[in-house]
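File shown here: structure-v9.cif, holding mmCIF, C-alpha atoms.
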data_start
loop_
_atom_site.label_atom_id
_atom_site.label_comp_id
_atom_site.auth_asym_id
_atom_site.auth_seq_id
_atom_site.Cartn_x
_atom_site.Cartn_y
_atom_site.Cartn_z
CA MET A 1 -224.29 63.23 96.60
CA THR A 2 -222.41 66.16 95.15
CA GLU A 3 -224.25 69.42 95.50
CA ILE A 4 -224.61 71.38 92.32
CA PRO A 5 -223.97 75.10 92.84
CA VAL A 6 -226.99 77.11 91.73
CA LEU A 7 -226.40 80.78 91.02
CA GLU A 8 -229.45 82.92 91.57
CA ASN A 9 -229.80 86.41 90.28
CA ILE A 10 -230.60 87.75 93.73
CA LEU A 11 -229.29 91.24 93.14
CA ARG A 12 -229.63 93.14 89.93
CA ALA A 13 -226.49 94.77 88.56
CA ASN A 14 -227.54 98.16 89.90
CA ASP A 15 -228.03 96.82 93.41
CA GLN A 16 -224.64 95.10 93.38
CA LEU A 17 -223.01 98.36 92.37
CA ALA A 18 -225.04 100.32 94.95
CA ARG A 19 -223.62 97.97 97.55
CA LEU A 20 -220.09 98.82 96.37
CA VAL A 21 -220.89 102.54 96.63
CA ARG A 22 -222.19 102.03 100.15
CA GLN A 23 -219.07 100.09 101.18
CA ARG A 24 -216.71 102.77 99.85
CA LEU A 25 -218.66 105.55 101.57
CA ALA A 26 -218.78 103.64 104.86
CA ALA A 27 -215.04 102.96 104.72
CA ALA A 28 -214.40 106.69 104.29
CA GLY A 29 -216.95 107.69 106.93
CA VAL A 30 -219.07 109.61 104.43
CA VAL A 31 -222.83 110.16 104.87
CA ALA A 32 -224.59 110.48 101.50
CA PHE A 33 -227.99 111.91 100.62
CA ASN A 34 -229.85 111.46 97.34
CA LEU A 35 -231.79 114.66 96.52
CA ILE A 36 -234.86 113.88 94.43
CA GLY A 37 -237.46 116.31 93.08
CA SER A 38 -239.14 117.76 90.01
CA PRO A 39 -237.21 119.94 87.56
CA GLY A 40 -236.98 123.39 89.11
CA ALA A 41 -238.03 122.35 92.63
CA GLY A 42 -234.87 124.06 93.89
CA LYS A 43 -232.47 121.19 94.57
CA THR A 44 -229.39 123.18 93.54
CA ALA A 45 -230.67 126.28 95.31
CA LEU A 46 -231.07 124.19 98.48
CA LEU A 47 -227.43 123.09 98.19
CA GLU A 48 -226.39 126.73 97.68
CA GLN A 49 -228.13 127.62 100.94
CA THR A 50 -227.02 124.53 102.86
CA LEU A 51 -223.35 123.94 102.03
CA PRO A 52 -221.91 127.30 103.16
CA ARG A 53 -223.52 126.70 106.56
CA LEU A 54 -221.73 123.35 106.92
CA SER A 55 -218.42 123.56 105.17
CA SER A 56 -216.14 124.82 107.97
CA ASN A 57 -216.05 121.66 110.08
CA LEU A 58 -218.14 119.27 107.96
CA PRO A 59 -216.50 119.15 104.52
CA ALA A 60 -218.92 118.34 101.74
CA ALA A 61 -218.83 117.06 98.17
CA VAL A 62 -221.52 117.08 95.50
CA ILE A 63 -222.43 114.87 92.56
CA GLU A 64 -224.68 116.69 90.10
CA ALA A 65 -226.77 114.71 87.61
CA ASP A 66 -228.55 116.30 84.66
CA CYS A 67 -229.60 115.15 81.23
CA ALA A 68 -227.39 117.89 79.77
CA THR A 69 -225.18 120.90 80.69
CA ALA A 70 -222.80 121.41 83.64
CA ARG A 71 -224.70 124.45 84.91
CA ASP A 72 -225.56 123.03 88.31
CA ALA A 73 -221.95 121.89 88.89
CA GLN A 74 -220.76 125.41 88.06
CA ARG A 75 -223.06 126.80 90.76
CA ILE A 76 -221.58 124.37 93.31
CA LEU A 77 -218.02 125.11 92.19
CA ALA A 78 -218.69 128.79 92.85
CA LEU A 79 -219.20 127.84 96.51
CA GLY A 80 -215.71 126.33 96.65
CA VAL A 81 -217.12 122.81 97.15
CA GLN A 82 -215.74 119.81 95.25
CA VAL A 83 -218.18 118.61 92.61
CA VAL A 84 -218.57 116.11 89.78
CA GLN A 85 -221.13 116.55 86.99
CA ILE A 86 -222.80 113.50 85.47
CA ASN A 87 -224.69 113.98 82.20
CA THR A 88 -227.23 111.21 81.71
CA GLY A 89 -228.28 112.15 78.16
CA LYS A 90 -231.70 110.56 77.71
CA GLY A 91 -231.41 108.87 81.10
CA CYS A 92 -234.10 109.92 83.58
CA HIS A 93 -232.13 109.16 86.77
CA VAL A 94 -228.58 108.50 87.92
CA PRO A 95 -227.79 104.78 88.30
CA ALA A 96 -225.36 103.32 90.86
CA HIS A 97 -222.61 102.61 88.32
CA LEU A 98 -222.29 106.32 87.50
CA VAL A 99 -222.15 107.23 91.19
CA LEU A 100 -219.42 104.62 91.65
CA GLN A 101 -217.41 106.17 88.81
CA ALA A 102 -217.96 109.67 90.17
CA LEU A 103 -216.48 108.67 93.55
CA ASP A 104 -213.09 108.26 91.83
CA SER A 105 -213.05 112.00 91.16
CA LEU A 106 -213.75 113.02 94.77
CA ALA A 107 -211.39 113.20 97.75
CA LEU A 108 -213.51 110.99 99.99
CA ASP A 109 -210.92 111.08 102.78
CA LYS A 110 -211.58 114.82 103.03
CA THR A 111 -215.37 114.47 102.83
CA ARG A 112 -217.95 114.00 105.58
CA LEU A 113 -221.13 114.69 103.58
CA LEU A 114 -221.89 113.72 99.98
CA MET A 115 -224.94 115.27 98.34
CA ILE A 116 -226.08 113.54 95.14
CA GLU A 117 -228.48 115.76 93.20
CA ASN A 118 -230.47 113.44 90.97
CA VAL A 119 -231.98 114.29 87.56
CA GLY A 120 -235.10 116.44 87.98
CA ASN A 121 -237.78 113.74 88.11
CA LEU A 122 -240.35 112.88 90.76
CA VAL A 123 -240.91 109.32 89.52
CA CYS A 124 -237.98 107.26 88.24
CA PRO A 125 -235.22 107.94 90.82
CA SER A 126 -237.52 107.18 93.75
CA GLU A 127 -237.01 103.47 94.11
CA LEU A 128 -233.51 102.96 92.75
CA ASP A 129 -230.78 102.30 95.31
CA ILE A 130 -227.60 104.21 94.48
CA GLY A 131 -225.79 103.47 97.73
CA GLU A 132 -227.05 106.55 99.54
CA THR A 133 -227.56 106.79 103.30
CA GLY A 134 -230.99 108.37 102.76
CA LYS A 135 -233.27 110.03 100.24
CA ILE A 136 -234.44 113.65 100.53
CA ALA A 137 -237.60 114.73 98.71
CA VAL A 138 -237.36 118.32 97.47
CA THR A 139 -240.66 119.78 96.32
CA SER A 140 -241.92 123.34 95.97
CA ALA A 141 -245.11 125.15 96.84
CA THR A 142 -245.57 126.33 93.24
CA GLU A 143 -245.94 122.70 92.13
CA GLY A 144 -249.20 122.50 94.07
CA ASP A 145 -250.33 120.87 97.30
CA ASP A 146 -251.37 117.58 95.68
CA LYS A 147 -248.00 116.06 94.84
CA PRO A 148 -247.53 113.49 97.67
CA GLN A 149 -250.64 111.48 96.80
CA LYS A 150 -250.11 111.82 93.05
CA TYR A 151 -246.45 110.72 93.22
CA PRO A 152 -246.48 108.53 96.31
CA MET A 153 -243.31 106.48 95.73
CA LEU A 154 -240.82 109.21 96.63
CA PHE A 155 -242.81 110.57 99.57
CA ARG A 156 -243.09 107.05 100.98
CA GLU A 157 -239.38 106.22 100.53
CA CYS A 158 -237.74 109.47 101.63
CA HIS A 159 -236.15 110.30 104.99
CA ALA A 160 -236.99 114.00 104.94
CA VAL A 161 -239.17 116.35 102.87
CA VAL A 162 -238.07 119.89 102.03
CA LEU A 163 -240.92 122.09 100.78
CA ASN A 164 -239.28 125.01 98.98
CA LYS A 165 -240.64 128.36 97.71
CA VAL A 166 -242.93 128.95 100.69
CA ASP A 167 -242.41 132.70 100.05
CA LEU A 168 -244.58 132.31 96.93
CA ILE A 169 -247.53 130.68 98.73
CA PRO A 170 -249.47 134.00 99.02
CA PHE A 171 -249.50 134.28 95.21
CA THR A 172 -250.81 130.75 94.56
CA ASN A 173 -253.73 128.54 95.62
CA PHE A 174 -251.35 126.28 97.59
CA SER A 175 -252.79 125.22 100.96
CA ARG A 176 -250.29 124.21 103.62
CA ASP A 177 -253.03 122.22 105.40
CA ARG A 178 -253.92 120.28 102.26
CA PHE A 179 -250.23 119.58 101.56
CA GLU A 180 -249.57 118.31 105.06
CA ALA A 181 -252.71 116.13 105.05
CA ASP A 182 -251.67 114.78 101.65
CA LEU A 183 -248.15 114.00 102.88
CA ARG A 184 -249.24 112.49 106.21
CA GLY A 185 -251.58 110.13 104.34
CA ILE A 186 -248.48 108.71 102.63
CA ASN A 187 -245.83 109.07 105.33
CA PRO A 188 -247.08 110.02 108.83
CA GLN A 189 -243.66 110.48 110.47
CA VAL A 190 -241.24 111.93 107.93
CA PRO A 191 -239.60 115.23 108.98
CA LEU A 192 -240.94 118.17 106.95
CA PHE A 193 -239.03 121.44 106.47
CA LEU A 194 -240.75 124.51 105.01
CA VAL A 195 -238.12 126.72 103.42
CA SER A 196 -237.50 129.46 100.91
CA CYS A 197 -234.13 129.18 99.19
CA ARG A 198 -234.68 132.73 97.93
CA THR A 199 -235.22 134.42 101.31
CA GLY A 200 -233.41 131.88 103.53
CA GLU A 201 -236.58 131.31 105.58
CA GLY A 202 -236.61 127.93 107.33
CA ILE A 203 -233.14 126.89 106.13
CA GLU A 204 -231.59 126.79 109.58
CA ALA A 205 -234.00 124.11 110.88
CA TRP A 206 -233.23 121.91 107.87
CA VAL A 207 -229.47 122.38 108.28
CA GLU A 208 -229.75 121.57 111.98
CA TRP A 209 -231.46 118.28 111.10
CA LEU A 210 -228.70 117.55 108.60
CA ARG A 211 -226.00 118.31 111.21
CA GLY A 212 -227.64 115.69 113.46
CA ARG A 213 -226.97 113.11 110.73
CA LEU A 214 -223.29 114.09 110.61
CA SER A 215 -222.36 114.32 114.29
CA PRO A 216 -219.68 111.99 115.73
CA SER A 217 -222.47 109.67 116.91
CA PRO A 218 -225.01 110.33 114.19
CA VAL A 219 -228.69 109.66 114.68
CA LEU A 220 -229.36 108.43 111.19
CA PHE A 221 -233.08 107.76 111.10
CA MET B 1 -232.85 81.40 43.58
CA THR B 2 -235.58 81.37 46.19
CA GLU B 3 -235.60 84.42 48.42
CA ILE B 4 -235.73 83.71 52.12
CA PRO B 5 -238.11 86.02 54.00
CA VAL B 6 -236.28 87.88 56.73
CA LEU B 7 -238.37 89.45 59.49
CA GLU B 8 -236.81 92.48 61.01
CA ASN B 9 -237.91 94.02 64.27
CA ILE B 10 -238.42 97.39 62.62
CA LEU B 11 -241.07 98.63 65.03
CA ARG B 12 -241.07 98.03 68.73
CA ALA B 13 -244.35 96.93 70.31
CA ASN B 14 -245.07 100.47 71.51
CA ASP B 15 -244.62 101.93 68.04
CA GLN B 16 -246.90 99.32 66.49
CA LEU B 17 -249.60 100.22 69.03
CA ALA B 18 -249.00 103.94 68.51
CA ARG B 19 -249.69 103.35 64.83
CA LEU B 20 -253.03 101.71 65.74
CA VAL B 21 -253.91 104.71 67.94
CA ARG B 22 -253.06 107.07 65.06
CA GLN B 23 -255.21 105.07 62.62
CA ARG B 24 -258.24 105.10 64.92
CA LEU B 25 -257.91 108.82 65.57
CA ALA B 26 -257.51 109.59 61.87
CA ALA B 27 -260.55 107.46 60.98
CA ALA B 28 -262.61 109.45 63.50
CA GLY B 29 -261.17 112.81 62.43
CA VAL B 30 -259.69 113.49 65.87
CA VAL B 31 -256.62 115.68 66.42
CA ALA B 32 -254.66 114.59 69.53
CA PHE B 33 -252.07 116.44 71.59
CA ASN B 34 -249.73 114.93 74.15
CA LEU B 35 -249.19 117.40 77.02
CA ILE B 36 -245.81 116.89 78.65
CA GLY B 37 -244.28 118.80 81.56
CA SER B 38 -242.92 118.61 85.10
CA PRO B 39 -245.19 117.79 88.04
CA GLY B 40 -247.07 120.97 88.88
CA ALA B 41 -246.24 122.84 85.67
CA GLY B 42 -249.96 123.43 85.24
CA LYS B 43 -251.04 120.91 82.61
CA THR B 44 -254.46 120.33 84.16
CA ALA B 45 -254.87 124.05 84.84
CA LEU B 46 -254.13 124.72 81.17
CA LEU B 47 -256.88 122.28 80.19
CA GLU B 48 -259.26 124.01 82.62
CA GLN B 49 -258.55 127.32 80.89
CA THR B 50 -258.56 125.91 77.38
CA LEU B 51 -261.47 123.49 77.09
CA PRO B 52 -264.33 125.85 78.03
CA ARG B 53 -263.15 128.19 75.26
CA LEU B 54 -263.42 125.41 72.66
CA SER B 55 -266.21 123.12 73.65
CA SER B 56 -269.20 124.70 71.88
CA ASN B 57 -268.28 123.77 68.31
CA LEU B 58 -265.10 121.76 68.84
CA PRO B 59 -265.98 118.89 71.21
CA ALA B 60 -263.05 117.66 73.26
CA ALA B 61 -262.07 114.61 75.24
CA VAL B 62 -259.25 114.12 77.73
CA ILE B 63 -257.07 111.22 78.82
CA GLU B 64 -255.44 111.90 82.19
CA ALA B 65 -252.35 109.93 83.24
CA ASP B 66 -250.97 109.95 86.78
CA CYS B 67 -249.04 107.52 88.92
CA ALA B 68 -251.94 107.56 91.37
CA THR B 69 -255.31 109.23 92.14
CA ALA B 70 -258.11 110.37 89.81
CA ARG B 71 -257.88 113.99 90.96
CA ASP B 72 -257.03 115.45 87.58
CA ALA B 73 -259.86 113.55 85.89
CA GLN B 74 -262.28 114.91 88.49
CA ARG B 75 -261.22 118.45 87.58
CA ILE B 76 -261.90 117.74 83.90
CA LEU B 77 -265.23 116.07 84.68
CA ALA B 78 -266.27 119.24 86.50
CA LEU B 79 -265.97 121.04 83.14
CA GLY B 80 -268.48 118.63 81.59
CA VAL B 81 -265.83 117.16 79.28
CA GLN B 82 -265.53 113.40 78.72
CA VAL B 83 -262.44 112.01 80.42
CA VAL B 84 -260.61 108.76 81.16
CA GLN B 85 -258.08 108.44 84.00
CA ILE B 86 -255.07 106.15 83.59
CA ASN B 87 -253.09 105.26 86.71
CA THR B 88 -249.58 104.17 85.78
CA GLY B 89 -248.48 103.08 89.30
CA LYS B 90 -244.69 103.16 89.19
CA GLY B 91 -244.76 103.96 85.47
CA CYS B 92 -243.18 107.30 84.59
CA HIS B 93 -245.10 107.91 81.34
CA VAL B 94 -248.19 106.69 79.50
CA PRO B 95 -247.40 104.05 76.83
CA ALA B 96 -249.35 103.61 73.59
CA HIS B 97 -251.14 100.45 74.69
CA LEU B 98 -252.85 102.30 77.56
CA VAL B 99 -253.91 105.10 75.21
CA LEU B 100 -255.34 102.48 72.85
CA GLN B 101 -257.36 100.96 75.69
CA ALA B 102 -258.54 104.38 76.86
CA LEU B 103 -259.95 105.15 73.39
CA ASP B 104 -262.55 102.40 73.96
CA SER B 105 -264.04 104.50 76.77
CA LEU B 106 -264.40 107.67 74.67
CA ALA B 107 -267.05 108.62 72.13
CA LEU B 108 -264.56 109.38 69.34
CA ASP B 109 -267.36 110.04 66.83
CA LYS B 110 -268.36 113.01 69.00
CA THR B 111 -264.80 114.24 69.51
CA ARG B 112 -262.70 116.66 67.50
CA LEU B 113 -259.84 117.26 69.94
CA LEU B 114 -258.20 114.73 72.26
CA MET B 115 -255.87 116.06 74.94
CA ILE B 116 -253.64 113.42 76.56
CA GLU B 117 -252.12 114.75 79.77
CA ASN B 118 -249.04 112.66 80.42
CA VAL B 119 -247.52 111.79 83.82
CA GLY B 120 -245.67 114.80 85.26
CA ASN B 121 -242.17 114.17 83.93
CA LEU B 122 -239.91 116.27 81.72
CA VAL B 123 -237.73 113.35 80.62
CA CYS B 124 -239.30 109.96 79.93
CA PRO B 125 -242.44 110.83 77.92
CA SER B 126 -240.53 113.06 75.51
CA GLU B 127 -239.49 110.57 72.89
CA LEU B 128 -242.20 107.93 73.12
CA ASP B 129 -244.75 107.90 70.30
CA ILE B 130 -248.28 107.35 71.64
CA GLY B 131 -250.09 108.06 68.39
CA GLU B 132 -250.51 111.78 69.02
CA THR B 133 -250.73 114.44 66.33
CA GLY B 134 -248.23 116.60 68.21
CA LYS B 135 -246.51 117.15 71.54
CA ILE B 136 -247.03 120.28 73.68
CA ALA B 137 -244.35 121.21 76.24
CA VAL B 138 -245.89 122.79 79.34
CA THR B 139 -243.37 124.46 81.62
CA SER B 140 -243.66 127.16 84.25
CA ALA B 141 -241.68 130.25 85.15
CA THR B 142 -241.23 129.06 88.73
CA GLU B 143 -239.22 126.07 87.45
CA GLY B 144 -236.50 128.48 86.32
CA ASP B 145 -235.30 129.82 82.98
CA ASP B 146 -232.74 127.04 82.41
CA LYS B 147 -235.01 124.09 81.64
CA PRO B 148 -234.79 123.88 77.80
CA GLN B 149 -231.01 123.28 77.72
CA LYS B 150 -231.07 121.02 80.78
CA TYR B 151 -233.93 118.85 79.45
CA PRO B 152 -233.45 119.26 75.69
CA MET B 153 -235.35 116.21 74.42
CA LEU B 154 -238.85 117.55 74.98
CA PHE B 155 -238.09 121.09 73.82
CA ARG B 156 -236.57 119.69 70.62
CA GLU B 157 -239.48 117.31 69.90
CA CYS B 158 -242.47 119.49 70.78
CA HIS B 159 -244.76 121.43 68.43
CA ALA B 160 -245.54 124.26 70.85
CA VAL B 161 -244.26 125.49 74.20
CA VAL B 162 -246.59 126.91 76.85
CA LEU B 163 -244.77 128.83 79.59
CA ASN B 164 -247.19 129.02 82.51
CA LYS B 165 -247.17 131.09 85.75
CA VAL B 166 -245.82 134.26 84.13
CA ASP B 167 -247.75 136.18 86.82
CA LEU B 168 -245.17 134.91 89.35
CA ILE B 169 -242.12 136.14 87.40
CA PRO B 170 -241.82 139.37 89.48
CA PHE B 171 -241.34 137.25 92.62
CA THR B 172 -238.58 135.02 91.18
CA ASN B 173 -235.19 135.39 89.45
CA PHE B 174 -236.69 134.07 86.19
CA SER B 175 -235.47 136.00 83.14
CA ARG B 176 -237.68 135.89 80.06
CA ASP B 177 -234.66 136.78 77.89
CA ARG B 178 -232.59 133.93 79.30
CA PHE B 179 -235.50 131.49 78.87
CA GLU B 180 -236.08 132.49 75.25
CA ALA B 181 -232.35 132.32 74.44
CA ASP B 182 -232.21 128.90 76.11
CA LEU B 183 -235.23 127.66 74.15
CA ARG B 184 -234.12 129.11 70.79
CA GLY B 185 -230.78 127.34 71.16
CA ILE B 186 -232.70 124.05 71.18
CA ASN B 187 -235.63 124.84 68.89
CA PRO B 188 -235.44 128.11 66.93
CA GLN B 189 -238.93 128.01 65.40
CA VAL B 190 -241.34 126.43 67.89
CA PRO B 191 -244.33 128.63 68.82
CA LEU B 192 -244.05 129.95 72.39
CA PHE B 193 -247.05 131.07 74.47
CA LEU B 194 -246.57 132.96 77.73
CA VAL B 195 -249.61 132.39 79.93
CA SER B 196 -250.93 132.44 83.45
CA CYS B 197 -253.57 129.82 84.11
CA ARG B 198 -254.36 131.67 87.34
CA THR B 199 -255.10 135.10 85.81
CA GLY B 200 -255.99 133.97 82.27
CA GLU B 201 -253.22 136.16 80.78
CA GLY B 202 -252.07 134.94 77.37
CA ILE B 203 -254.53 132.06 77.17
CA GLU B 204 -256.43 133.45 74.18
CA ALA B 205 -253.34 133.43 71.89
CA TRP B 206 -252.65 129.79 72.80
CA VAL B 207 -256.29 128.79 72.20
CA GLU B 208 -256.26 130.61 68.86
CA TRP B 209 -253.21 128.57 67.80
CA LEU B 210 -255.03 125.41 68.90
CA ARG B 211 -258.14 126.38 66.91
CA GLY B 212 -255.93 126.65 63.81
CA ARG B 213 -255.02 122.98 64.28
CA LEU B 214 -258.73 122.02 64.41
CA SER B 215 -260.19 123.99 61.53
CA PRO B 216 -261.85 122.18 58.59
CA SER B 217 -258.55 122.45 56.68
CA PRO B 218 -256.15 122.35 59.60
CA VAL B 219 -252.64 123.74 59.36
CA LEU B 220 -251.01 121.07 61.44
CA PHE B 221 -247.38 122.17 61.69
#
Using the file provided, produce a representation of the structure as structure tokens.
Amino acid sequence: MTEIPVLENILRANDQLARLVRQRLAAAGVVAFNLIGSPGAGKTALLEQTLPRLSSNLPAAVIEADCATARDAQRILALGVQVVQINTGKGCHVPAHLVLQALDSLALDKTRLLMIENVGNLVCPSELDIGETGKIAVTSATEGDDKPQKYPMLFRECHAVVLNKVDLIPFTNFSRDRFEADLRGINPQVPLFLVSCRTGEGIEAWVEWLRGRLSPSPVLF
Amino acid sequence: MTEIPVLENILRANDQLARLVRQRLAAAGVVAFNLIGSPGAGKTALLEQTLPRLSSNLPAAVIEADCATARDAQRILALGVQVVQINTGKGCHVPAHLVLQALDSLALDKTRLLMIENVGNLVCPSELDIGETGKIAVTSATEGDDKPQKYPMLFRECHAVVLNKVDLIPFTNFSRDRFEADLRGINPQVPLFLVSCRTGEGIEAWVEWLRGRLSPSPVLF
């Protein structure tokens, strides 16, 4: 009996393209992180604090995604780091096909770390694969201590949590204990970094963790 | 010649259901606002400041939408205001059909104002009609002064902007001038209220505007 080939739609288009992104990054030896957080959580500010501490021996590149404007890319360019801006228009996240296109504009052979700053959104980007090595949740103390349980998808999926704006805690009702209990209820083991991108507090511990993911024999997760 | 009836898909399912929501609210004489803003912008805190100032002669009801938990609804319940919690799971906004279902749990004949607090998200809820009378953008100074141009859809569509957490401006690099220039480039006329839900600053002007939308001969927009 002749077997009839049956094509099954195992992977959606996005996942097929995410696989292509992952293959290109692996071939070039690039580690890529997908930065996800609310509008104004401080994703770009975190890059501004992080990249100058890495760039000498660990060359970086950035993909910025926003609904509109190239303001974030301009801030990265001012650091002397190669950057591509994606404008998603009404799109609430960056899909894999746009990341794949953006790779054409980057010198991957001169890149060790790729940071992909997603559209400011705590919901939609959380579960979409864009070919990244890992997801980083960026949240801020001024958003309140109840975000992990209210938006569990990202906090469950991510490989590290950066809590920004800890310098403002004294002026809010944010409780570090409540936040940590909230987060541990969702993800007991994920590394948590308390930082202020304004004062520089806590940045070094986060950067040290990141360096561990970029060493010659990286400990990924 | 016999004319052939041609059905056109003029309204999507959501818009048909939004129309039903609007009809039920109009029949009951209820004015409804859709509160849209980032996670942690202070939408629930704004309701906590607003509702006690209205409730004596202008009875209110609230629909709370979150991915998970009933925490926001519990905060509204503590005010003695009728409330329904919608959990959207992975959904990044509340669609009209869930609002329509929620109306069944509210005593609309005893309601003058319905506040629908959307999922924390500055992108996806902006352009979806859920049968509301108007959209309110809730943003906060700690998110930065660049949000209107970076997330233009909401700031273009909304009928009022509430900028919360102005008490924290001295501890950030937020510029009121830059924010207002950014907003006016998107929406020159929209009413703007600068408030702090923590100190109560500016709340009265916002509530006064809201009262004007609820008077016997309301000036809607």
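Between CA of Asn57 (chain A) and CA of Cys197 (chain A) the separation is 22.4 Å.
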Nearby residues (all atoms listed in the file) at most 8 Å from Ala41 (chain B), same-chain spacing under 5 positions excluded, as a PyMOL selection string: (chain A and resi 143) or (chain B and resi 138-140+143+164)
Tell me, counting all atoms listed in the file, for each residue of chain B within 10 Å of chain A, which pair of atoms is nearest and how far apart they are in Å to one decimal, in rows ordered by chain and increasing number, as a tab-separated table.
residue	atom	partner	partner_atom	distance
B:Gly37	CA	A:Pro39	CA	9.3
B:Ser38	CA	A:Ser38	CA	6.3
B:Pro39	CA	A:Ser38	CA	6.4
B:Gly40	CA	A:Glu143	CA	3.9
B:Ala41	CA	A:Glu143	CA	6.5
B:Gly42	CA	A:Glu143	CA	8.0
B:Asp66	CA	A:Lys150	CA	6.6
B:Cys67	CA	A:Tyr151	CA	6.0
B:Ala68	CA	A:Lys150	CA	4.9
B:Thr69	CA	A:Lys150	CA	5.9
B:Ala70	CA	A:Lys150	CA	8.8
B:Arg71	CA	A:Lys150	CA	8.3
B:Asp72	CA	A:Lys150	CA	9.5
B:Asn87	CA	A:Lys150	CA	9.6
B:Gly89	CA	A:Tyr151	CA	8.8
B:Lys90	CA	A:Val123	CA	7.2
B:Gly91	CA	A:Val123	CA	7.7
B:Cys92	CA	A:Val123	CA	5.8
B:His93	CA	A:Val123	CA	9.3
B:Val119	CA	A:Val123	CA	9.1
B:Gly120	CA	A:Leu122	CA	7.9
B:Asn121	CA	A:Asn121	CA	6.1
B:Leu122	CA	A:Asn121	CA	7.2
B:Val123	CA	A:Cys92	CA	5.8
B:Cys124	CA	A:Cys92	CA	6.4
B:Ser126	CA	A:Lys90	CA	9.4
B:Glu127	CA	A:Lys90	CA	9.2
B:Thr139	CA	A:Pro39	CA	9.7
B:Ser140	CA	A:Gly40	CA	9.1
B:Ala141	CA	A:Gly40	CA	9.2
B:Thr142	CA	A:Thr142	CA	6.8
B:Glu143	CA	A:Gly40	CA	3.9
B:Gly144	CA	A:Gly40	CA	5.8
B:Asp145	CA	A:Gly40	CA	9.0
B:Asp146	CA	A:Gly40	CA	8.7
B:Lys147	CA	A:Pro39	CA	7.6
B:Pro148	CA	A:Ala68	CA	9.7
B:Gln149	CA	A:Ala68	CA	6.8
B:Lys150	CA	A:Ala68	CA	4.9
B:Tyr151	CA	A:Cys67	CA	6.0
B:Pro152	CA	A:Ala68	CA	7.4
B:Met153	CA	A:Lys90	CA	7.5
B:Lys165	CA	A:Thr142	CA	9.0
B:Asp167	CA	A:Phe171	CA	8.8
B:Leu168	CA	A:Phe171	CA	7.3
B:Phe171	CA	A:Leu168	CA	7.3
B:Thr172	CA	A:Arg198	CA	8.1
B:Asn173	CA	A:Arg198	CA	8.9
B:Arg198	CA	A:Thr172	CA	8.1
With C-alpha atoms retained, could you export that selection as a compact mmCIF listing (two decimals), in the frame of the given file?
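Writing done, so here's part_0.txt:
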# COMPACT_ATOMS: atom_id res chain seq x y z
CA GLY B 37 -244.28 118.80 81.56
CA SER B 38 -242.92 118.61 85.10
CA PRO B 39 -245.19 117.79 88.04
CA GLY B 40 -247.07 120.97 88.88
CA ALA B 41 -246.24 122.84 85.67
CA GLY B 42 -249.96 123.43 85.24
CA ASP B 66 -250.97 109.95 86.78
CA CYS B 67 -249.04 107.52 88.92
CA ALA B 68 -251.94 107.56 91.37
CA THR B 69 -255.31 109.23 92.14
CA ALA B 70 -258.11 110.37 89.81
CA ARG B 71 -257.88 113.99 90.96
CA ASP B 72 -257.03 115.45 87.58
CA ASN B 87 -253.09 105.26 86.71
CA GLY B 89 -248.48 103.08 89.30
CA LYS B 90 -244.69 103.16 89.19
CA GLY B 91 -244.76 103.96 85.47
CA CYS B 92 -243.18 107.30 84.59
CA HIS B 93 -245.10 107.91 81.34
CA VAL B 119 -247.52 111.79 83.82
CA GLY B 120 -245.67 114.80 85.26
CA ASN B 121 -242.17 114.17 83.93
CA LEU B 122 -239.91 116.27 81.72
CA VAL B 123 -237.73 113.35 80.62
CA CYS B 124 -239.30 109.96 79.93
CA SER B 126 -240.53 113.06 75.51
CA GLU B 127 -239.49 110.57 72.89
CA THR B 139 -243.37 124.46 81.62
CA SER B 140 -243.66 127.16 84.25
CA ALA B 141 -241.68 130.25 85.15
CA THR B 142 -241.23 129.06 88.73
CA GLU B 143 -239.22 126.07 87.45
CA GLY B 144 -236.50 128.48 86.32
CA ASP B 145 -235.30 129.82 82.98
CA ASP B 146 -232.74 127.04 82.41
CA LYS B 147 -235.01 124.09 81.64
CA PRO B 148 -234.79 123.88 77.80
CA GLN B 149 -231.01 123.28 77.72
CA LYS B 150 -231.07 121.02 80.78
CA TYR B 151 -233.93 118.85 79.45
CA PRO B 152 -233.45 119.26 75.69
CA MET B 153 -235.35 116.21 74.42
CA LYS B 165 -247.17 131.09 85.75
CA ASP B 167 -247.75 136.18 86.82
CA LEU B 168 -245.17 134.91 89.35
CA PHE B 171 -241.34 137.25 92.62
CA THR B 172 -238.58 135.02 91.18
CA ASN B 173 -235.19 135.39 89.45
CA ARG B 198 -254.36 131.67 87.34
What lies within 12 Å of Pro188 (chain A) using only C-alpha atoms, ignoring chain neighbours under 6 positions off, as a compact mmCIF listing (two decimals) with C-alpha atoms, in the frame of the given file?
# COMPACT_ATOMS: atom_id res chain seq x y z
CA PRO A 148 -247.53 113.49 97.67
CA PHE A 155 -242.81 110.57 99.57
CA ARG A 156 -243.09 107.05 100.98
CA GLU A 157 -239.38 106.22 100.53
CA CYS A 158 -237.74 109.47 101.63
CA HIS A 159 -236.15 110.30 104.99
CA ALA A 160 -236.99 114.00 104.94
CA VAL A 161 -239.17 116.35 102.87
CA GLU A 180 -249.57 118.31 105.06
CA ALA A 181 -252.71 116.13 105.05
CA ASP A 182 -251.67 114.78 101.65
Shell around Phe33 (chain A) at 7 Å using all atoms listed in the file, local window under 3 positions removed, as a list of chain:residue names: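 Once the adjacent positions are removed, what remains is A:Leu114, A:Met115, A:Ile116, A:Glu132, A:Thr133, A:Gly134, A:Lys135, A:Ile136.
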Rounded to one decimal in Å, what is the spacing between CA of Arg22 (chain A) and CA of Ala102 (chain A)?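 Going from CA of Arg22 (chain A) over to CA of Ala102 (chain A), I get 13.3 Å.
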